[in-house]
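J.: Dumping the structure here so I can ask a few things about it.
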Amino acid sequence: MKLREIKLMSQNHFIGMEYYYLILNRTFLIIKTHGYLIGIQGNGLISAEVSVNPITEYINSTLTIKEDLSDPYSYIKNSYIKKIKELDLLDGSHLKINKHNFLISTLDIKSAIYNPSKKFGMGNYPHDGRVIIETSKNVKREFIILGDQSGYDISKFILAS
């Protein structure tokens with residue numbers, strides 16, 4: 001199944017940011033389809049706007065989102081998506097393109113818990129808390145729900161059959 005063949009609806013995908021190494025982050029388009037949760041990296045490091053000095057101002061200008069912050073798709077760059085749009089997402093081909101992409105069987109998902117509290121360090125980026133997904137192997141992934149999306153609804157559709 002290719003990305004272009006999937007009809008994206010509110011009950012089958014979301015945009016989420018995952019922190020790694022404490023302060024770094026990456027953003028994913030996460031799709032639930034055919035018994036899998038498919039993660040496609042859609043952006044790299046994003047920074048909150050901070051004006052401390054000219055150097056940090058320049059760095060922040062290259063790492064901040066400039067579009068409508070309430071629109072979750074503003075956080076995704078087409079350059080990431082173009083690389084995988086013609087690949088079969090269910091056979092793991094997208095995993096070879098980017099080591100951060102993922103494929104999780106929904107049978108392996110033990111829980112998807114919504115935490116409505118705001119994530120520290122998100123600056124002016126609107127978000128609806130976090131969804132923490134835990135697998136049967138006790139692997140946890142925490143996704144900050146970016147823009148105008150419902151973390152509560154997302155946690156429910158992840159667990160739905």
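Letters for chains follow the order of the structure tokens (A, B, ...), residue numbers begin at 1 for each chain, and ligand numbers begin at 1 in the order shown.
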Mind checking which residues fall within 8 Å of region 130-147 of chain A, counting only C-alpha atoms, ignoring those fewer than 3 positions away in the same chain, and posting them as a PyMOL selection string?
T.: chain A and resi 14-19+69-72+75+108-119+125-127+150-152+154-155
J.: Set the distance at 7 Å and use only C-alpha atoms: which residues neighbour Ser105 (chain A) once local chain neighbours fewer than 2 positions away are removed? I'd like the list as number ranges by chain.
T.: A: 35-37, 103, 107-108
J.: Only N, CA and C atoms, please: the residues just picked out, written as a PDB file, in the first residue's frame.
T.:
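What follows is the written file result20.pdb:
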```
ATOM      1  N   GLY A  35      -4.004  -2.898  10.061  1.00  0.00           N
ATOM      2  CA  GLY A  35      -3.374  -3.571  11.190  1.00  0.00           C
ATOM      3  C   GLY A  35      -2.028  -3.020  11.601  1.00  0.00           C
ATOM      4  N   TYR A  36      -1.691  -1.832  11.119  1.00  0.00           N
ATOM      5  CA  TYR A  36      -0.400  -1.239  11.454  1.00  0.00           C
ATOM      6  C   TYR A  36      -0.524   0.234  11.807  1.00  0.00           C
ATOM      7  N   LEU A  37       0.413   0.679  12.599  1.00  0.00           N
ATOM      8  CA  LEU A  37       0.647   2.094  12.830  1.00  0.00           C
ATOM      9  C   LEU A  37       1.934   2.402  12.065  1.00  0.00           C
ATOM     10  N   LEU A 103       7.082   1.019  11.798  1.00  0.00           N
ATOM     11  CA  LEU A 103       5.943   0.193  11.450  1.00  0.00           C
ATOM     12  C   LEU A 103       5.648  -0.666  12.673  1.00  0.00           C
ATOM     13  N   LEU A 107      -1.544  -5.200  16.767  1.00  0.00           N
ATOM     14  CA  LEU A 107      -1.647  -6.299  17.737  1.00  0.00           C
ATOM     15  C   LEU A 107      -0.604  -6.168  18.840  1.00  0.00           C
ATOM     16  N   ASP A 108       0.492  -5.461  18.549  1.00  0.00           N
ATOM     17  CA  ASP A 108       1.551  -5.260  19.541  1.00  0.00           C
ATOM     18  C   ASP A 108       1.321  -4.052  20.442  1.00  0.00           C
TER      19      ASP A 108
END
```
J.: Based on the backbone DSSP call, show me all residues of region 1-159 of chain A assigned strand (DSSP E or B), as number ranges by chain.
T.: A: 13-20, 24-33, 36-43, 102-105, 109-115, 127-135, 140-146
J.: List as a list of chain:residue names the protein and nucleic acid residues near Ile23 (chain A), meaning an atom at most 10 Å away when only C-alpha atoms are counted, but skip any in the same chain fewer than 3 places from it.
T.: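 Here the answer would be A:Tyr19, A:Tyr20, A:Leu45, A:Ser47, A:Gly121.
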J.: Would you save the residues of that selection, restricted to N, CA and C atoms, as an mmCIF file, in the first residue's frame?
T.:
```
data_model
loop_
_atom_site.group_PDB
_atom_site.id
_atom_site.type_symbol
_atom_site.label_atom_id
_atom_site.label_comp_id
_atom_site.auth_asym_id
_atom_site.auth_seq_id
_atom_site.Cartn_x
_atom_site.Cartn_y
_atom_site.Cartn_z
ATOM 1 N N TYR A 19 10.231 13.752 21.066
ATOM 2 C CA TYR A 19 11.532 14.205 21.558
ATOM 3 C C TYR A 19 12.486 13.011 21.606
ATOM 4 N N TYR A 20 13.751 13.272 21.363
ATOM 5 C CA TYR A 20 14.782 12.260 21.562
ATOM 6 C C TYR A 20 16.035 12.976 22.061
ATOM 7 N N LEU A 45 14.528 18.607 13.195
ATOM 8 C CA LEU A 45 14.558 19.485 14.359
ATOM 9 C C LEU A 45 13.742 20.752 14.128
ATOM 10 N N SER A 47 12.493 24.351 16.248
ATOM 11 C CA SER A 47 12.839 25.180 17.398
ATOM 12 C C SER A 47 11.739 26.193 17.675
ATOM 13 N N GLY A 121 8.845 23.191 26.961
ATOM 14 C CA GLY A 121 9.758 23.512 25.872
ATOM 15 C C GLY A 121 9.095 23.714 24.523
#
```
J.: Please, which residues of region 25-150 of chain A, numbered as in this document, come out helix (DSSP H, G or I) from DSSP, as a list in words?
T.: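 Residues meeting the helix (DSSP H, G or I) criterion: Pro54, Ile55, Thr56, Glu57, Tyr58, Ile59, Asn60, Ser61, Thr62, Leu63, Pro72, Tyr73, Ser74, Tyr75, Asn78, Ser79, Tyr80, Ile81, Lys82, Ser93, His94, Leu95, Lys96, Ile97, Thr106, Leu107 and Asp108 of chain A.
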J.: Of the candidates A:Tyr73, A:Ser10, A:Gly39, A:Phe120, which one gets nearest to Lys99 (chain A) if we count only C-alpha atoms?
T.: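 Closest residue, counting only C-alpha atoms: A:Gly39.
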J.: Can you measure CA of Gly44 (chain A) to CA of Ile81 (chain A) for me? One decimal in Å is fine.
T.: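 Computing it gives 12.3 Å between the two atoms.
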J.: For Lys2 (chain A), which of A:Ser161, A:Asn98, A:Thr33, A:Gln149 is the closest residue, counting only C-alpha atoms?
T.: A:Thr33
J.: Can you measure CA of Lys83 (chain A) to CA of Ile31 (chain A) for me? One decimal in Å is fine.
T.: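 Answer for the CA of Lys83 (chain A) to CA of Ile31 (chain A) separation: 16.5 Å.
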J.: If we count only C-alpha atoms and set the cut-off at 12 Å, which residues sit around His100 (chain A), ignoring sequence neighbours fewer than 4 positions away in its own chain? Please answer as a ChimeraX atom specification.
T.: /A:18,20,25-29,38-44,80,94-96
J.: Mind dumping the selected residues with C-alpha atoms as a short mmCIF file (atom, residue, chain, number, x, y, z; two decimals), in the first residue's frame?
T.:
```
data_model
loop_
_atom_site.label_atom_id
_atom_site.label_comp_id
_atom_site.auth_asym_id
_atom_site.auth_seq_id
_atom_site.Cartn_x
_atom_site.Cartn_y
_atom_site.Cartn_z
CA GLU A 18 8.69 12.98 19.35
CA TYR A 20 14.78 12.26 21.56
CA ASN A 25 12.82 16.40 18.17
CA ARG A 26 11.40 15.03 14.97
CA THR A 27 7.90 15.19 13.55
CA PHE A 28 5.94 12.28 12.11
CA LEU A 29 2.91 11.65 9.96
CA ILE A 38 2.95 3.54 10.16
CA GLY A 39 5.30 6.35 11.13
CA ILE A 40 6.79 8.56 8.42
CA GLN A 41 9.23 11.22 9.48
CA GLY A 42 7.92 14.51 8.13
CA ASN A 43 10.37 16.99 9.63
CA GLY A 44 13.58 17.16 11.57
CA TYR A 80 10.44 14.04 3.52
CA HIS A 94 9.96 3.15 4.03
CA LEU A 95 12.13 1.91 6.93
CA LYS A 96 15.11 1.61 4.56
#
```
J.: Could you state the separation of CA of Asp128 (chain A) and CA of Leu90 (chain A) in Å, given to one decimal place?
T.: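 A separation of 28.7 Å between them.
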